[in-house]
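Chemist: Here you go, one structure.
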There are 2 protein chains.
Amino acid sequence: MIRPGPEAERVALYDTTLRDGMQGFQLQLSGEQKVRLARTLDQLGVDYVEAGWPGANPRDTAVFAALRRAPLARARLSAFGATRRAGLSCAEDPALAATLAAATPVVTLVGKASPWQAEVVLGTSAEENLRMVGESVAHARERGREVVFDAEHYFDGYAKDPGYALEVLTRARDAGALWVTLCDTNGGSLPGSVATATGAARERLGGGVGIHCHNDSGLAVACSLAAVEAGARMVQGTVNGCGERCGNADLLVLAANLQLKCGLEVLEPELLERLVATSRLFDSLVNRAPDPQRPFVGQAAFLHKGGLHAQGTARDPRAYQHVDPSLVGNETRTVVSDQSGRSNVGAKLEQLGLELDRRAWGAIVDRLKALEMQGWAFEDADASFELLVLRGTAGDVVPFSLQESLVVAHETSAPRAEEPSRDVQASVKVAVAGVVVHTAAEGAGPVEALDTALRRALTPHFPGLAAVRLQDYRVRVIDGDRGTGARVRVGIDSSDGERVWTTVGCSANILQASALALIDSYEWAARRVGGPARLSSSA
Amino acid sequence: MIRPGPEAERVALYDTTLRDGMQGFQLQLSGEQKVRLARTLDQLGVDYVEAGWPGANPRDTAVFAALRRAPLARARLSAFGATRRAGLSCAEDPALAATLAAATPVVTLVGKASPWQAEVVLGTSAEENLRMVGESVAHARERGREVVFDAEHYFDGYAKDPGYALEVLTRARDAGALWVTLCDTNGGSLPGSVATATGAARERLGGGVGIHCHNDSGLAVACSLAAVEAGARMVQGTVNGCGERCGNADLLVLAANLQLKCGLEVLEPELLERLVATSRLFDSLVNRAPDPQRPFVGQAAFLHKGGLHAQGTARDPRAYQHVDPSLVGNETRTVVSDQSGRSNVGAKLEQLGLELDRRAWGAIVDRLKALEMQGWAFEDADASFELLVLRGTAGDVVPFSLQESLVVAHETSAPRAEEPSRDVQASVKVAVAGVVVHTAAEGAGPVEALDTALRRALTPHFPGLAAVRLQDYRVRVIDGDRGTGARVRVGIDSSDGERVWTTVGCSANILQASALALIDSYEWAARRVGGPARLSSSA
């Protein structure tokens, strides 16, 4: 564990995803999910996990109870709370009592570092605010807790009244706060002013300074790094930069920058490789599609789309990559797209482990370009690309084929009805293992009916398909200006619990586009679970 | 227009969304969409619009032709290209010729500013690379073009061999490049080293220095600002930070920071208000859900989720906001009183010119909340919102209603066929003017068949509908993790040549969602073209 002080060579990581991060728009985690994320952060190796604001909501209280029963292995657990209310004693303040009742080794208390905020927002005097800070920190220290003091609005406060802002920090430190965290609460500061004000705090306090930035100017990571350069030795942030308004500083991006760019040790090198997995787990828990562009951890962070860049990267990975992606658990990817040529296709084949005569590459490029002109996109659909290659290979046996489908959707009342009509049916004829399976299903919509019928036809022959789940279904209208005659591209992510694969289908008929993507998904899986079982009936 | 030089007080904005931005993962724009975005950027007031790489793909060539026929009003149009290939003369290089053939006032040429890149990636000598830079810039200047030289890998090059990197810049300037842009191509630089290397370039060249950053370290905006502080007077970036890998610097965030934080003039203040609209248009064109957290322009950028922050903001907006959101065209939102609050509904009614008893507002709020829980979104669908209000008003007469629909889609061959099957039919029963019209139509897909049947039923009664065209048709999957059972939201923009209106439909059945949005569109128009013509037949 990192202890603050002038001798510290490391920078402590303080995660506030479970508290400040959860102020983010449309974010919600259950208590169980919060505990799971806390353990994942612990395994990543962060120094502090702030798990919530006990008393502010019952869910957080339950999270702390669960973490008391089975404590984290290495991270220090913190409970968040505010300094006592104006006019009350610490002993009288029920919110402060609730924070302490979580019985965590660390307590993080927030207080105002700006007289304007104290007066206008809290409705109290600047003098009483100073007493609130000192007394609250002392109150927690007297109860044996390590105290982190979060100096809210420190940078705006410092800009208006540096003397007062520094006095707030001093009161917290004198009362026993191990760390004093400088907060850019409104996220509007620029790195230069953050560096100046952090330097002043570092000089006043001698050490034990933390930084907590918001991203309202798109500068949360930069301001955090500027603060570290000026002497801060603890950075607060959240997974994937979630948080109120524009979010908090992205703790994973900060960790990667500090370790790989600034030469400061924050995580053990082999744990740094968990950054990608941690990022993905968070998105999965909050049910959000991962941002492919996210620095270091995004699926496109080391992806090369264009001909020149893909060629350059093939010559030397350093040509268009700022760090080795494996250090953070990511990988170089090359996509096939309408800007691609033979070299991209070759790199892709190699990446997928497909061996193919170089003379066959040209035919694949031509086929890709023709399909892309029609609106297909294979850059994200590795499984469909693989099938495209395999189906053109001499001697390849396609495991099944859809011969006929019929979809009937009948609405017997005005569609203004609250409940969607259920009279949607699909029937399919699928050729598999020398027989034709003819079956049918219904669904809430025609795509679901078709999907259910397909599965019903295939699963008896490929029992492994029973484990396949569709994780995401996307529809993109390609030429929406053609109205309802527009072509659509359907993308599907599937998983069997171990692997995830992506397929694509494209057509002016959304049912056909969906069928193409579904068939690719099931065929990709069927090719892996082996040939069809020899069943005598047609199910 | 900003001209470079030591006297320049302003910072020029150079947009490369249409070229470098389009290297982004899963991004595609049609030629028409590119032209529309170029005009929107022109109206925003950016100084340069780089519209593509002519010759690299046929689509970009068409975009330049369209912009030649109807030029931009104020922005200078640039065509991108590379310096000549090693070993060729400029006159012999077909790619350079294609760039010049776009006949734009500005040509942007990219060349390597690192000997390692020249040798390893281009496979040529550092000396030949210098000649390529100088001769290519001179070649374009001799043909009367303003030249921007993009010094690729300048910062990595400067770190390894500052003398060579600066010599590349000098060759470009000596050959006549008005602007020399320093590119952090791999996106790995930190603001401090960007400032140092930019200062060196500024000192060598005396002025006319631009900056082009990528976001691989999450620092693209910060590095761009550091370069401006060190003397750069042109910033390159993309709308919403789209671009290869982790994207380019977000030009909209940069514009807001430069103008509101750094005191540099980049846009006329009343044009700065268009930042939000520009950001939303881009996401709409690429059919991507806007990032609510995006600095300045995101829908959550000034949103206060509740509790202390909402209360504080109510006392004084500056309590938790770094700038006045109206300056960038955004607004303060609080979740409790927002999405469906009474005051919002009142403002919306007023905006639409609908008079309604205040006592009726509560019922509308309740209905909106219920629909939003199911995945509806009326934020952009004013026409559907208006109909929602009208339909609940006493004495309102609905001009028509869909009583029954039947869609049959029959595929008689494997869907792998190149041509979509045409045996897709829809029949509808529509009650209008006391009669029931029963008719049918076919289409490339089921939504087109349904649309065509509806129009066939309605147009004889509402001849004005013949002029209605669907301008855009969008599908957004709401809960894609439910696979093909996911709910979808369909949005439709319609126009009669004068007005444009937007409608929405939502269902787990894409046919129903589409029908709801189509019916709203036609009903909105039908209410304006007057009551139904009294026809005796049922068409």
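Chain identifiers are assigned as A, B, and so on, following the order in which chains appear in the structure tokens; residues are numbered from 1 within each chain, and ligands are numbered from 1 in order of appearance.
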Contacts between range 106-113 of chain A and range 201-238 of chain A, please, where a residue of range 201-238 of chain A counts if it comes within 12 Å (with only C-alpha atoms); show its shortest atom pair and distance in Å to one decimal, rows by chain and ascending number, as JSON lines.
Modeler:
{"residue": "A:Ala201", "atom": "CA", "partner": "A:Ala113", "partner_atom": "CA", "distance": 12.0}
{"residue": "A:Gly210", "atom": "CA", "partner": "A:Thr108", "partner_atom": "CA", "distance": 12.0}
{"residue": "A:His212", "atom": "CA", "partner": "A:Val110", "partner_atom": "CA", "distance": 11.6}
{"residue": "A:Gln236", "atom": "CA", "partner": "A:Thr108", "partner_atom": "CA", "distance": 11.8}
Chemist: Leaving out Ala381 in chain A and any residue of its chain fewer than 6 positions from it, which residues lie within 9 Å of it when counting only C-alpha atoms, given as a PyMOL selection string?
Modeler: chain A and resi 491-493+501-504
Chemist: Compute the set of chain B residues within 6 Å of chain A, using only C-alpha atoms, and express it as an NGL selection string.
Modeler: :B and (121 or 186 or 188 or 216-218 or 245-246 or 293-295 or 300-303 or 312 or 320-322 or 402-414 or 444-445 or 447-448 or 470-474 or 477 or 480-481 or 483-485 or 508-509)
Chemist: Write down as a compact mmCIF listing (two decimals) with N, CA and C atoms, in the first residue's frame the residues belonging to range 91-212 of chain A that are assigned strand (DSSP E) by DSSP computed on the backbone.
Modeler:
# COMPACT_ATOMS: atom_id res chain seq x y z
N VAL A 106 -11.19 3.20 6.16
CA VAL A 106 -10.98 4.56 5.68
C VAL A 106 -12.32 5.28 5.60
N VAL A 107 -12.31 6.56 5.96
CA VAL A 107 -13.49 7.41 5.79
C VAL A 107 -13.06 8.60 4.95
N THR A 108 -13.86 8.90 3.92
CA THR A 108 -13.57 10.05 3.07
C THR A 108 -14.64 11.09 3.32
N LEU A 109 -14.20 12.27 3.76
CA LEU A 109 -15.15 13.33 4.09
C LEU A 109 -14.97 14.49 3.12
N VAL A 110 -16.09 15.00 2.63
CA VAL A 110 -16.03 16.11 1.69
C VAL A 110 -16.44 17.40 2.38
N GLY A 111 -15.70 18.46 2.07
CA GLY A 111 -16.03 19.79 2.60
C GLY A 111 -15.68 20.86 1.59
N LYS A 112 -16.28 22.01 1.76
CA LYS A 112 -16.11 23.10 0.79
C LYS A 112 -14.76 23.81 0.98
N GLU A 146 -8.63 5.96 9.19
CA GLU A 146 -7.81 6.75 8.27
C GLU A 146 -8.76 7.72 7.59
N VAL A 147 -8.37 8.96 7.46
CA VAL A 147 -9.27 9.94 6.86
C VAL A 147 -8.68 10.52 5.58
N VAL A 148 -9.51 10.51 4.53
CA VAL A 148 -9.22 11.24 3.30
C VAL A 148 -10.14 12.44 3.31
N PHE A 149 -9.59 13.64 3.15
CA PHE A 149 -10.45 14.82 3.08
C PHE A 149 -10.54 15.27 1.62
N ASP A 150 -11.76 15.30 1.07
CA ASP A 150 -11.99 15.79 -0.29
C ASP A 150 -12.34 17.28 -0.24
N ALA A 151 -11.43 18.10 -0.73
CA ALA A 151 -11.64 19.55 -0.72
C ALA A 151 -12.43 19.95 -1.96
N GLU A 152 -13.75 20.01 -1.79
CA GLU A 152 -14.66 20.29 -2.91
C GLU A 152 -14.44 21.72 -3.42
N TRP A 179 -4.69 11.94 3.71
CA TRP A 179 -4.69 12.49 2.36
C TRP A 179 -5.63 13.69 2.32
N VAL A 180 -5.21 14.72 1.60
CA VAL A 180 -6.09 15.85 1.31
C VAL A 180 -6.24 15.90 -0.20
N THR A 181 -7.46 15.68 -0.67
CA THR A 181 -7.70 15.58 -2.10
C THR A 181 -8.24 16.89 -2.65
N LEU A 182 -7.60 17.38 -3.70
CA LEU A 182 -8.02 18.63 -4.33
C LEU A 182 -9.03 18.29 -5.42
N CYS A 183 -10.25 18.83 -5.32
CA CYS A 183 -11.31 18.45 -6.25
C CYS A 183 -11.61 19.58 -7.22
N ASP A 184 -11.58 19.23 -8.53
CA ASP A 184 -12.09 20.17 -9.53
C ASP A 184 -13.56 19.77 -9.77
N VAL A 209 -1.04 14.74 -0.89
CA VAL A 209 -2.03 15.48 -1.68
C VAL A 209 -2.62 14.55 -2.74
N GLY A 210 -3.94 14.57 -2.87
CA GLY A 210 -4.62 13.81 -3.91
C GLY A 210 -5.29 14.73 -4.91
N ILE A 211 -5.74 14.15 -6.03
CA ILE A 211 -6.39 14.96 -7.06
C ILE A 211 -7.66 14.23 -7.51
N HIS A 212 -8.71 15.00 -7.75
CA HIS A 212 -10.03 14.45 -8.15
C HIS A 212 -10.60 15.40 -9.21
Chemist: When you draw a straight line from CA of Ser224 in chain A to CA of Ala200 in chain A, how long is it in Å?
Modeler: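 These atoms are spaced 15.4 Å apart.
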Chemist: CA of Ser521 in chain A and CA of Gly464 in chain A, how far apart in Å?
Modeler: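 Here the two named atoms are 12.6 Å from each other.
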